[in-house]
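Printed here is model19.cif (mmCIF, C-alpha atoms):
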data_protein
#
loop_
_atom_site.group_PDB
_atom_site.id
_atom_site.type_symbol
_atom_site.label_atom_id
_atom_site.label_comp_id
_atom_site.auth_asym_id
_atom_site.auth_seq_id
_atom_site.Cartn_x
_atom_site.Cartn_y
_atom_site.Cartn_z
ATOM 1 C CA MET A 12 5.181 -12.479 -7.333
ATOM 2 C CA ALA A 13 4.566 -10.306 -10.369
ATOM 3 C CA GLU A 14 7.508 -9.080 -12.415
ATOM 4 C CA THR A 15 8.965 -5.919 -10.873
ATOM 5 C CA VAL A 16 8.312 -2.754 -12.829
ATOM 6 C CA VAL A 17 11.523 -0.848 -13.449
ATOM 7 C CA PRO A 18 11.215 2.910 -14.074
ATOM 8 C CA PRO A 19 12.034 3.557 -17.731
ATOM 9 C CA ASN A 20 15.024 5.707 -18.567
ATOM 10 C CA ILE A 21 13.281 8.838 -19.779
ATOM 11 C CA GLY A 22 16.199 11.244 -19.522
ATOM 12 C CA ASP A 23 15.102 14.743 -18.601
ATOM 13 C CA ASP A 24 11.397 13.962 -18.936
ATOM 14 C CA PRO A 25 9.250 14.601 -15.829
ATOM 15 C CA VAL A 26 8.682 11.789 -13.334
ATOM 16 C CA ILE A 27 5.075 12.883 -12.785
ATOM 17 C CA GLU A 28 3.232 14.817 -15.462
ATOM 18 C CA ALA A 29 -0.345 16.050 -15.780
ATOM 19 C CA SER A 30 -1.722 17.586 -18.940
ATOM 20 C CA GLY A 31 -5.134 19.247 -19.198
ATOM 21 C CA LEU A 32 -6.216 17.186 -16.189
ATOM 22 C CA GLY A 33 -9.751 17.706 -14.920
ATOM 23 C CA HIS A 34 -12.273 15.971 -12.715
ATOM 24 C CA THR A 35 -15.951 16.687 -12.168
ATOM 25 C CA TYR A 36 -17.836 14.635 -9.576
ATOM 26 C CA LYS A 37 -21.295 13.184 -10.216
ATOM 27 C CA GLY A 38 -23.000 16.005 -8.331
ATOM 28 C CA GLY A 39 -21.538 18.511 -10.762
ATOM 29 C CA HIS A 40 -18.712 19.849 -8.601
ATOM 30 C CA THR A 41 -15.557 20.463 -10.640
ATOM 31 C CA ALA A 42 -12.604 19.688 -8.373
ATOM 32 C CA LEU A 43 -9.882 20.048 -11.026
ATOM 33 C CA ASP A 44 -9.867 22.141 -14.188
ATOM 34 C CA GLU A 45 -7.087 22.084 -16.801
ATOM 35 C CA VAL A 46 -4.294 21.164 -14.400
ATOM 36 C CA ASN A 47 -0.852 21.052 -15.971
ATOM 37 C CA LEU A 48 2.071 19.873 -13.839
ATOM 38 C CA ALA A 49 5.536 18.469 -14.384
ATOM 39 C CA LEU A 50 7.945 17.453 -11.636
ATOM 40 C CA GLY A 51 11.141 15.466 -11.297
ATOM 41 C CA THR A 52 13.276 14.117 -8.466
ATOM 42 C CA GLY A 53 13.097 15.878 -5.101
ATOM 43 C CA LEU A 54 10.463 17.215 -2.721
ATOM 44 C CA PHE A 55 7.606 18.938 -4.524
ATOM 45 C CA GLY A 56 5.015 20.847 -2.480
ATOM 46 C CA LEU A 57 1.371 21.081 -3.493
ATOM 47 C CA LEU A 58 -0.107 23.974 -1.519
ATOM 48 C CA GLY A 59 -3.640 25.332 -1.370
ATOM 49 C CA PRO A 60 -6.710 25.962 0.789
ATOM 50 C CA ASN A 61 -9.006 23.170 1.915
ATOM 51 C CA GLY A 62 -11.251 22.246 -1.002
ATOM 52 C CA ALA A 63 -8.747 23.411 -3.632
ATOM 53 C CA GLY A 64 -8.633 19.955 -5.267
ATOM 54 C CA LYS A 65 -5.347 18.671 -3.821
ATOM 55 C CA SER A 66 -6.650 15.290 -2.645
ATOM 56 C CA THR A 67 -8.495 14.733 -5.931
ATOM 57 C CA LEU A 68 -5.270 15.323 -7.853
ATOM 58 C CA MET A 69 -3.314 12.949 -5.645
ATOM 59 C CA ARG A 70 -5.933 10.218 -5.845
ATOM 60 C CA ILE A 71 -5.809 10.437 -9.637
ATOM 61 C CA ILE A 72 -2.016 10.127 -9.654
ATOM 62 C CA CYS A 73 -2.294 7.112 -7.310
ATOM 63 C CA THR A 74 -4.764 5.432 -9.744
ATOM 64 C CA LEU A 75 -7.575 5.578 -7.159
ATOM 65 C CA LEU A 76 -9.721 7.968 -9.206
ATOM 66 C CA VAL A 77 -10.249 8.205 -12.959
ATOM 67 C CA PRO A 78 -10.077 11.772 -14.325
ATOM 68 C CA THR A 79 -12.962 13.025 -16.431
ATOM 69 C CA LYS A 80 -10.549 14.697 -18.848
ATOM 70 C CA GLY A 81 -6.854 15.061 -19.553
ATOM 71 C CA THR A 82 -3.991 12.698 -18.781
ATOM 72 C CA ALA A 83 -1.520 11.961 -15.999
ATOM 73 C CA THR A 84 1.577 9.782 -16.140
ATOM 74 C CA VAL A 85 4.182 8.418 -13.707
ATOM 75 C CA TYR A 86 7.509 7.610 -15.359
ATOM 76 C CA GLY A 87 5.637 7.669 -18.653
ATOM 77 C CA TYR A 88 2.977 5.150 -17.542
ATOM 78 C CA ASP A 89 -0.578 6.421 -17.956
ATOM 79 C CA VAL A 90 -2.399 6.306 -14.604
ATOM 80 C CA THR A 91 -5.636 5.037 -16.151
ATOM 81 C CA ARG A 92 -4.258 2.502 -18.647
ATOM 82 C CA LYS A 93 -1.174 1.230 -16.749
ATOM 83 C CA ARG A 94 -2.443 1.035 -13.173
ATOM 84 C CA ARG A 95 -0.381 -1.975 -12.128
ATOM 85 C CA GLU A 96 2.854 -0.434 -13.366
ATOM 86 C CA VAL A 97 2.083 2.900 -11.672
ATOM 87 C CA ARG A 98 1.150 1.266 -8.365
ATOM 88 C CA GLU A 99 4.435 -0.636 -8.236
ATOM 89 C CA LEU A 100 6.333 2.610 -8.659
ATOM 90 C CA ILE A 101 4.547 4.686 -6.003
ATOM 91 C CA GLY A 102 3.974 4.678 -2.253
ATOM 92 C CA TYR A 103 0.927 6.498 -0.892
ATOM 93 C CA LEU A 104 0.279 8.004 2.535
ATOM 94 C CA PRO A 105 -3.370 9.164 2.698
ATOM 95 C CA GLN A 106 -4.713 11.779 5.095
ATOM 96 C CA GLU A 107 -5.916 9.094 7.490
ATOM 97 C CA PHE A 108 -3.748 6.140 8.483
ATOM 98 C CA GLY A 109 -4.914 4.800 11.833
ATOM 99 C CA ALA A 110 -6.194 1.269 11.387
ATOM 100 C CA TRP A 111 -4.533 -1.883 12.740
ATOM 101 C CA ARG A 112 -4.895 -0.571 16.313
ATOM 102 C CA HIS A 113 -4.400 -3.954 17.971
ATOM 103 C CA HIS A 114 -1.422 -5.035 15.886
ATOM 104 C CA ARG A 115 2.247 -4.393 16.607
ATOM 105 C CA ALA A 116 4.023 -1.897 14.361
ATOM 106 C CA GLU A 117 6.267 -4.525 12.775
ATOM 107 C CA GLU A 118 3.264 -6.818 12.195
ATOM 108 C CA VAL A 119 1.459 -4.043 10.328
ATOM 109 C CA LEU A 120 4.461 -3.350 8.150
ATOM 110 C CA ASP A 121 5.119 -7.047 7.506
ATOM 111 C CA THR A 122 1.521 -7.608 6.379
ATOM 112 C CA LEU A 123 1.535 -4.594 4.087
ATOM 113 C CA ALA A 124 4.934 -5.554 2.696
ATOM 114 C CA ARG A 125 3.552 -8.977 1.822
ATOM 115 C CA LEU A 126 0.564 -7.364 0.109
ATOM 116 C CA SER A 127 3.013 -5.179 -1.836
ATOM 117 C CA GLY A 128 4.562 -8.303 -3.343
ATOM 118 C CA LEU A 129 7.472 -9.023 -0.993
ATOM 119 C CA SER A 130 6.858 -12.774 -0.716
ATOM 120 C CA ASN A 131 10.340 -13.879 0.402
ATOM 121 C CA ARG A 132 10.115 -13.982 4.212
ATOM 122 C CA LYS A 133 13.812 -13.373 4.907
ATOM 123 C CA GLU A 134 13.989 -10.476 2.487
ATOM 124 C CA ARG A 135 10.714 -9.064 3.810
ATOM 125 C CA ARG A 136 11.895 -9.149 7.444
ATOM 126 C CA ARG A 137 15.101 -7.386 6.432
ATOM 127 C CA ARG A 138 13.176 -4.726 4.568
ATOM 128 C CA VAL A 139 10.662 -4.224 7.412
ATOM 129 C CA ALA A 140 13.463 -3.711 9.947
ATOM 130 C CA GLU A 141 15.323 -1.395 7.594
ATOM 131 C CA THR A 142 12.239 0.736 6.929
ATOM 132 C CA LEU A 143 11.279 1.000 10.611
ATOM 133 C CA GLU A 144 14.789 2.233 11.344
ATOM 134 C CA MET A 145 14.578 4.710 8.472
ATOM 135 C CA VAL A 146 11.494 6.404 9.964
ATOM 136 C CA GLY A 147 12.760 6.204 13.556
ATOM 137 C CA LEU A 148 10.404 3.476 14.785
ATOM 138 C CA ASP A 149 12.865 0.635 15.295
ATOM 139 C CA GLY A 150 12.703 1.204 19.051
ATOM 140 C CA VAL A 151 8.922 0.687 19.157
ATOM 141 C CA ALA A 152 8.583 -2.153 16.630
ATOM 142 C CA ASP A 153 6.910 -4.367 19.263
ATOM 143 C CA ARG A 154 4.463 -1.671 20.399
ATOM 144 C CA LYS A 155 0.812 -1.908 19.382
ATOM 145 C CA VAL A 156 -0.468 0.849 17.088
ATOM 146 C CA LYS A 157 -2.981 2.025 19.697
ATOM 147 C CA LYS A 158 -0.041 2.789 22.017
ATOM 148 C CA LEU A 159 1.789 4.952 19.475
ATOM 149 C CA SER A 160 1.641 8.750 19.480
ATOM 150 C CA GLY A 161 -0.006 10.556 16.590
ATOM 151 C CA GLY A 162 3.395 11.377 15.105
ATOM 152 C CA MET A 163 4.523 7.760 15.347
ATOM 153 C CA VAL A 164 1.394 6.619 13.526
ATOM 154 C CA ARG A 165 2.155 9.079 10.733
ATOM 155 C CA ARG A 166 5.702 7.730 10.527
ATOM 156 C CA LEU A 167 4.316 4.192 10.401
ATOM 157 C CA GLY A 168 2.186 5.412 7.496
ATOM 158 C CA VAL A 169 5.332 6.630 5.760
ATOM 159 C CA ALA A 170 6.967 3.258 6.439
ATOM 160 C CA GLN A 171 4.137 1.339 4.768
ATOM 161 C CA ALA A 172 4.430 3.625 1.757
ATOM 162 C CA LEU A 173 8.197 3.014 1.562
ATOM 163 C CA VAL A 174 8.503 -0.673 2.399
ATOM 164 C CA HIS A 175 8.445 -1.823 -1.240
ATOM 165 C CA GLU A 176 11.107 0.793 -2.142
ATOM 166 C CA PRO A 177 9.026 2.963 -4.512
ATOM 167 C CA GLN A 178 10.583 5.652 -6.670
ATOM 168 C CA VAL A 179 7.680 8.025 -6.007
ATOM 169 C CA LEU A 180 6.077 8.931 -2.670
ATOM 170 C CA ILE A 181 2.652 10.626 -2.525
ATOM 171 C CA VAL A 182 1.863 12.240 0.846
ATOM 172 C CA ASP A 183 -1.497 13.881 1.579
ATOM 173 C CA GLU A 184 -1.854 16.412 4.466
ATOM 174 C CA PRO A 185 0.766 14.688 6.634
ATOM 175 C CA THR A 186 1.058 16.784 9.807
ATOM 176 C CA VAL A 187 -2.420 17.972 10.829
ATOM 177 C CA GLY A 188 -2.811 17.434 14.568
ATOM 178 C CA LEU A 189 0.859 16.716 15.268
ATOM 179 C CA ASP A 190 2.779 18.615 17.920
ATOM 180 C CA PRO A 191 5.654 20.941 16.863
ATOM 181 C CA GLU A 192 8.394 18.382 17.581
ATOM 182 C CA GLU A 193 6.734 15.654 15.524
ATOM 183 C CA ARG A 194 6.060 18.105 12.683
ATOM 184 C CA MET A 195 9.740 19.035 12.629
ATOM 185 C CA ARG A 196 10.774 15.362 12.586
ATOM 186 C CA PHE A 197 8.364 14.702 9.738
ATOM 187 C CA ARG A 198 9.765 17.598 7.671
ATOM 188 C CA GLN A 199 13.310 16.357 8.258
ATOM 189 C CA LEU A 200 12.303 12.855 7.149
ATOM 190 C CA MET A 201 10.708 14.192 3.963
ATOM 191 C CA ASN A 202 13.800 16.280 3.182
ATOM 192 C CA GLN A 203 16.002 13.215 3.631
ATOM 193 C CA LEU A 204 13.818 10.934 1.510
ATOM 194 C CA GLY A 205 13.543 13.516 -1.263
ATOM 195 C CA ARG A 206 17.242 13.344 -2.043
ATOM 196 C CA ASP A 207 16.928 10.280 -4.269
ATOM 197 C CA ARG A 208 13.234 9.949 -5.079
ATOM 198 C CA THR A 209 10.235 12.034 -6.073
ATOM 199 C CA ILE A 210 7.941 13.184 -3.266
ATOM 200 C CA LEU A 211 4.664 14.981 -3.900
ATOM 201 C CA LEU A 212 3.517 16.458 -0.585
ATOM 202 C CA SER A 213 0.074 18.049 -0.425
ATOM 203 C CA THR A 214 -0.741 20.464 2.397
ATOM 204 C CA HIS A 215 -2.541 23.665 3.354
ATOM 205 C CA ILE A 216 0.012 24.316 6.122
ATOM 206 C CA VAL A 217 2.896 26.232 4.577
ATOM 207 C CA ALA A 218 5.454 25.212 7.214
ATOM 208 C CA ASP A 219 5.023 21.547 6.180
ATOM 209 C CA LEU A 220 7.157 22.213 3.127
ATOM 210 C CA GLY A 221 10.231 23.092 5.175
ATOM 211 C CA GLY A 222 13.519 24.133 3.614
ATOM 212 C CA GLY A 223 13.944 21.077 1.420
ATOM 213 C CA CYS A 224 11.178 21.888 -1.036
ATOM 214 C CA ARG A 225 12.687 22.059 -4.497
ATOM 215 C CA GLU A 226 9.586 23.321 -6.261
ATOM 216 C CA MET A 227 5.982 24.058 -5.371
ATOM 217 C CA ALA A 228 2.599 24.629 -6.952
ATOM 218 C CA LEU A 229 -0.350 26.597 -5.609
ATOM 219 C CA LEU A 230 -3.707 25.003 -6.369
ATOM 220 C CA ASP A 231 -6.801 27.167 -5.900
ATOM 221 C CA GLY A 232 -10.304 26.490 -7.144
ATOM 222 C CA GLY A 233 -9.111 23.429 -9.038
ATOM 223 C CA ARG A 234 -6.509 25.334 -11.053
ATOM 224 C CA ILE A 235 -2.742 25.670 -10.769
ATOM 225 C CA GLU A 236 -2.134 29.358 -10.114
ATOM 226 C CA TYR A 237 1.615 29.144 -9.570
ATOM 227 C CA GLN A 238 4.382 26.621 -10.180
ATOM 228 C CA GLY A 239 8.024 27.248 -9.503
ATOM 229 C CA PRO A 240 10.736 27.300 -6.826
ATOM 230 C CA PRO A 241 9.850 28.780 -3.417
ATOM 231 C CA GLU A 242 12.443 31.496 -4.000
ATOM 232 C CA ASP A 243 10.371 32.935 -6.852
ATOM 233 C CA LEU A 244 7.252 33.103 -4.681
ATOM 234 C CA LEU A 245 9.286 34.816 -1.956
ATOM 235 C CA GLN A 246 10.527 37.367 -4.477
ATOM 236 C CA ARG A 247 6.962 38.134 -5.532
ATOM 237 C CA ALA A 248 6.106 38.919 -1.908
ATOM 238 C CA VAL A 249 8.728 41.652 -1.551
ATOM 239 C CA GLY A 250 6.863 44.942 -1.053
ATOM 240 C CA ARG A 251 3.680 43.163 -0.010
ATOM 241 C CA VAL A 252 4.694 42.261 3.556
ATOM 242 C CA PHE A 253 4.888 44.987 6.196
ATOM 243 C CA GLU A 254 5.578 45.594 9.863
ATOM 244 C CA VAL A 255 4.093 48.434 11.890
ATOM 245 C CA THR A 256 4.010 49.454 15.563
ATOM 246 C CA ALA A 257 0.978 51.387 16.814
ATOM 247 C CA ASP A 258 -1.167 51.936 19.869
ATOM 248 C CA ALA A 259 -4.034 49.549 20.606
ATOM 249 C CA ALA A 260 -6.718 51.606 18.871
ATOM 250 C CA ALA A 261 -4.701 52.105 15.666
ATOM 251 C CA ALA A 262 -3.650 48.445 15.686
ATOM 252 C CA GLU A 263 -7.285 47.358 15.858
ATOM 253 C CA ARG A 264 -8.095 49.446 12.774
ATOM 254 C CA ILE A 265 -5.143 47.987 10.880
ATOM 255 C CA GLU A 266 -6.174 44.462 11.805
ATOM 256 C CA GLY A 267 -9.592 45.137 10.339
ATOM 257 C CA ASP A 268 -8.154 46.313 7.018
ATOM 258 C CA TYR A 269 -5.191 43.997 6.407
ATOM 259 C CA GLU A 270 -4.216 40.337 6.567
ATOM 260 C CA ILE A 271 -2.209 40.018 9.791
ATOM 261 C CA VAL A 272 0.378 37.276 10.173
ATOM 262 C CA SER A 273 1.627 37.987 13.692
ATOM 263 C CA ARG A 274 0.850 40.298 16.625
ATOM 264 C CA ALA A 275 3.137 41.223 19.535
ATOM 265 C CA VAL A 276 2.321 43.502 22.493
ATOM 266 C CA THR A 277 4.977 45.458 24.412
ATOM 267 C CA GLY A 278 3.459 47.656 27.081
ATOM 268 C CA THR A 279 0.925 49.879 25.295
ATOM 269 C CA ALA A 280 2.454 49.319 21.844
ATOM 270 C CA VAL A 281 1.288 46.655 19.391
ATOM 271 C CA THR A 282 3.586 45.418 16.622
ATOM 272 C CA LEU A 283 1.830 43.877 13.651
ATOM 273 C CA ARG A 284 3.271 41.973 10.728
ATOM 274 C CA GLY A 285 0.946 41.521 7.780
ATOM 275 C CA VAL A 286 0.452 41.311 4.033
ATOM 276 C CA THR A 287 -1.237 43.617 1.586
ATOM 277 C CA ALA A 288 -2.461 43.574 -1.981
ATOM 278 C CA ASN A 289 -2.733 47.373 -2.335
ATOM 279 C CA GLY A 290 -0.720 49.789 -0.210
ATOM 280 C CA MET A 291 0.531 49.646 3.369
ATOM 281 C CA PRO A 292 -0.747 51.221 6.593
ATOM 282 C CA ASP A 293 0.640 54.620 7.597
ATOM 283 C CA ALA A 294 4.072 54.381 9.241
ATOM 284 C CA ALA A 295 4.488 50.749 8.145
ATOM 285 C CA SER A 296 7.826 49.491 6.857
ATOM 286 C CA PRO A 297 8.249 46.844 4.167
ATOM 287 C CA VAL A 298 9.784 43.539 5.281
ATOM 288 C CA GLU A 299 12.901 42.802 3.268
ATOM 289 C CA THR A 300 12.916 39.017 3.783
ATOM 290 C CA PRO A 301 9.362 37.594 3.933
ATOM 291 C CA THR A 302 8.781 34.046 5.109
ATOM 292 C CA LEU A 303 7.272 31.437 2.807
ATOM 293 C CA GLU A 304 4.050 31.581 4.825
ATOM 294 C CA GLU A 305 3.881 35.348 4.317
ATOM 295 C CA ALA A 306 4.598 34.913 0.603
ATOM 296 C CA TYR A 307 1.700 32.457 0.335
ATOM 297 C CA LEU A 308 -0.670 34.787 2.219
ATOM 298 C CA ALA A 309 0.411 37.723 0.051
ATOM 299 C CA PHE A 310 -0.227 35.681 -3.077
ATOM 300 C CA MET A 311 -3.698 34.702 -1.861
ATOM 301 C CA ALA A 312 -4.487 38.263 -0.788
ATOM 302 C CA ALA A 313 -3.572 39.503 -4.264
ATOM 303 C CA ARG A 314 -6.094 37.012 -5.644
ATOM 304 C CA GLY A 315 -8.794 38.378 -3.357
ATOM 305 C CA ARG A 316 -8.602 35.287 -1.166
ATOM 306 C CA SER A 317 -7.562 36.902 2.111
ATOM 307 C CA GLU A 318 -10.396 35.305 4.074
ATOM 308 C CA ALA A 319 -9.470 31.840 2.827
ATOM 309 C CA ALA A 320 -5.839 32.543 3.647
ATOM 310 C CA ARG A 321 -6.745 33.679 7.143
ATOM 311 C CA GLN A 322 -8.680 30.484 7.770
ATOM 312 C CA ASP A 323 -5.749 28.388 6.583
ATOM 313 C CA ASP A 324 -3.418 30.340 8.868
ATOM 314 C CA GLU A 325 -5.680 29.603 11.833
ATOM 315 C CA VAL A 326 -5.738 25.890 10.954
ATOM 316 C CA ALA A 327 -1.950 25.932 10.700
ATOM 317 C CA ALA A 328 -1.690 27.521 14.150
ATOM 318 C CA GLU A 329 -3.988 24.888 15.610
ATOM 319 C CA GLY A 330 -1.959 22.113 13.999
ATOM 320 C CA SER A 331 1.298 23.513 15.385
ATOM 321 C CA THR A 332 0.006 23.465 18.963
ATOM 322 C CA GLY A 333 -1.819 20.126 18.955
ATOM 323 C CA GLY A 334 -0.542 17.607 21.470
ATOM 324 C CA GLU A 335 0.415 14.024 20.936
ATOM 325 C CA GLY A 336 -2.367 11.539 21.271
ATOM 326 C CA ALA A 337 -2.726 7.854 21.071
ATOM 327 C CA ALA A 338 -3.830 6.549 17.721
#
As structure tokens, the full file:
Amino acid sequence: MAETVVPPNIGDDPVIEASGLGHTYKGGHTALDEVNLALGTGLFGLLGPNGAGKSTLMRIICTLLVPTKGTATVYGYDVTRKRREVRELIGYLPQEFGAWRHHRAEEVLDTLARLSGLSNRKERRRRVAETLEMVGLDGVADRKVKKLSGGMVRRLGVAQALVHEPQVLIVDEPTVGLDPEERMRFRQLMNQLGRDRTILLSTHIVADLGGGCREMALLDGGRIEYQGPPEDLLQRAVGRVFEVTADAAAAERIEGDYEIVSRAVTGTAVTLRGVTANGMPDAASPVETPTLEEAYLAFMAARGRSEAARQDDEVAAEGSTGGEGAA
């Protein structure tokens, strides 16, 4: 077993840092352009539309992709020059984790723990059991992966990323296709794990971030357009989120002109809640306490990206209603 890499004591320095980071693929597509990020302990949300460059950024941090310019470090270790050290410090849950269909959950975790360097059998078995309990799978340890629900498979993916006790957890689009209950359990797990480690969670579904997100960044077109606490983004949305009640004909006109977040019908009246970049509909009232989803949509609308935001909202709605399925 290789010597364990211990995170250096770097005081107040960031755990993960990117400076001038960029990546252009062979076909000429620039996925990242001058990305600058710094984050410490806690849950950090990376939010943006599909194709914004989130997965490219995470693959670079995980040492799976070499950037074409700039630098990225984990606990001060350069991700291109110190790959072994970085890999011992991080756990990675990719978008897809559904292999091992004919193996039992504890077998999968035991094998991956061994590959992570846990060679002592007694210690490995202890750690496997401990990790399965941590993610709520101790009751199905003997169940084959193909018999697990979609949410259980995602939690098994978290377990494999945690089994070697990393200081940093990288999670890419974790809840697409999960039902509402599993999504809630996943958010609670991330909030719990983020108390004593660094978690970078990439998503285009705003609700994935939950209430435990310490800081977030919005990535759009390969560039970081915002970085800061969710409260600051919410404050920016004040005056840009509205609610209005109108008849069906007027509501249809409003829906054609504004980004609508929700729609409720009571008799002949339609109540709309939406976001705006410039002015509100007649008779609309500003919403005093926008949600984080509304703040994100308002931010995107102000950037002229309302159509992209609408598509992301539809994907989020689909993800929130998807049923459990066998892996």
Using the chain letters and numbers from the file, give me the residues hit by the PyMOL selection byres ((chain A and resi 88) around 10), as a PDB file with C-alpha atoms, in the coordinates of the input.
ATOM      1  CA  PRO A  18      11.215   2.910 -14.074  1.00  0.00           C
ATOM      2  CA  PRO A  19      12.034   3.557 -17.731  1.00  0.00           C
ATOM      3  CA  VAL A  26       8.682  11.789 -13.334  1.00  0.00           C
ATOM      4  CA  ILE A  27       5.075  12.883 -12.785  1.00  0.00           C
ATOM      5  CA  GLU A  28       3.232  14.817 -15.462  1.00  0.00           C
ATOM      6  CA  ALA A  83      -1.520  11.961 -15.999  1.00  0.00           C
ATOM      7  CA  THR A  84       1.577   9.782 -16.140  1.00  0.00           C
ATOM      8  CA  VAL A  85       4.182   8.418 -13.707  1.00  0.00           C
ATOM      9  CA  TYR A  86       7.509   7.610 -15.359  1.00  0.00           C
ATOM     10  CA  GLY A  87       5.637   7.669 -18.653  1.00  0.00           C
ATOM     11  CA  ASP A  89      -0.578   6.421 -17.956  1.00  0.00           C
ATOM     12  CA  VAL A  90      -2.399   6.306 -14.604  1.00  0.00           C
ATOM     13  CA  THR A  91      -5.636   5.037 -16.151  1.00  0.00           C
ATOM     14  CA  ARG A  92      -4.258   2.502 -18.647  1.00  0.00           C
ATOM     15  CA  LYS A  93      -1.174   1.230 -16.749  1.00  0.00           C
ATOM     16  CA  ARG A  94      -2.443   1.035 -13.173  1.00  0.00           C
ATOM     17  CA  ARG A  95      -0.381  -1.975 -12.128  1.00  0.00           C
ATOM     18  CA  GLU A  96       2.854  -0.434 -13.366  1.00  0.00           C
ATOM     19  CA  VAL A  97       2.083   2.900 -11.672  1.00  0.00           C
ATOM     20  CA  LEU A 100       6.333   2.610  -8.659  1.00  0.00           C
TER      21      LEU A 100
END
Exercise for the section: Go through A:Gln106, A:Asp121, A:Thr41, A:Thr79 one by one, measure the shortest atom-to-atom distance of each to Lys133 (chain A) using all atoms listed in the file, and give the residue with the smallest value. Expected result: A:Asp121
Problem - Interatomic distance, CA of Thr302 (chain A) to CA of Val187 (chain A) (Å, one decimal) - result: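 Between these atoms lies a distance of 20.4 Å.
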Practice task
Using only C-alpha atoms, find the one residue out of A:Leu230, A:Ala257, A:Ile210, A:Val164 that sits nearest to Thr277 (chain A).
Solution key: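 Closest residue, counting only C-alpha atoms: A:Ala257.
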Handout entry: Residues in the PyMOL selection byres ((chain A and resi 135-140) around 8), expressed as a list in words
Key = Glu117, Leu120, Asp121, Ala124, Arg125, Leu129, Ser130, Asn131, Arg132, Lys133, Glu134, Glu141, Thr142, Leu143, Glu144, Asp149 and Val174 of chain A
Problem - Atom pair CA of Gly222 (chain A) / CA of Gly150 (chain A): separation (Å) - result: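 About the pair CA of Gly222 (chain A) and CA of Gly150 (chain A): they are 27.7 Å apart.
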Report, as AutoDock Vina command-line options, the centre and edge lengths in Å (one decimal) of the axis-aligned box enclosing every listed atom of region 232-244 of chain A, padded by 8 Å on each side.
--center_x 1.1 --center_y 28.3 --center_z -7.2 --size_x 38.7 --size_y 25.7 --size_z 23.6
Problem - Residues matched by the PyMOL selection byres ((chain A and resi 284) around 12), written as a PyMOL selection string - result: chain A and resi 251-257+262+265-266+269-276+281-283+285-287+291-292+295-298+301-302+304-305+308-309
Completion exercise
CA of Leu68 (chain A) sits from CA of Arg225 (chain A) at a separation of 19.5 Å
Problem - Residue neighbourhood Leu148 (chain A), 8 Å, only C-alpha atoms, exclusion window fewer than 6 positions, as a list in words - result: Met163, Arg166 and Leu167 of chain A
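Checking A:Ala260, A:Val146, A:Ala280, A:Leu211 one by one against Ser66 (chain A), counting all atoms listed in the file, you find the shortest gap at A:Leu211.
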Exercise for the section: Return the single residue from A:Arg247, A:Arg98, A:Arg208, A:Arg112 that is closest to Leu159 (chain A), with distances computed using only C-alpha atoms. Expected result: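 Ranked by minimum distance to Leu159 (chain A), first place goes to A:Arg112.
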Problem - Option closest in space to Glu299 (chain A), from A:Leu229, A:Leu126, A:Val151, A:Leu245 [counting all atoms listed in the file] - result: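 So, comparing all the options, the nearest one is A:Leu245.
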Problem - Which residue of A:Glu176, A:Met311, A:Val217, A:Thr52 approaches Gly128 (chain A) most closely, using all atoms listed in the file - result: A:Glu176
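Residues in contact with Cys224 (chain A) at up to 12 Å, not including ones fewer than 6 positions away on its chain and judged by all atoms listed in the file, are Leu50, Thr52, Gly53, Leu54, Phe55, Gly56, Leu57, Leu58, Arg198, Gln199, Met201, Asn202, Gln203, Leu204, Gly205, Arg206, Thr209, Ile210, Leu211, Leu212, Ser213, Val217, Ala218, Gly239, Pro240, Pro241, Glu242 and Leu303 of chain A.
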Handout entry: Test item: residues at most 8 Å from Leu173 (chain A), all atoms listed in the file, excluding those fewer than 4 positions along its chain, as JSON, numbers by chain
Key = {"A": [102, 142, 169, 177, 180]}
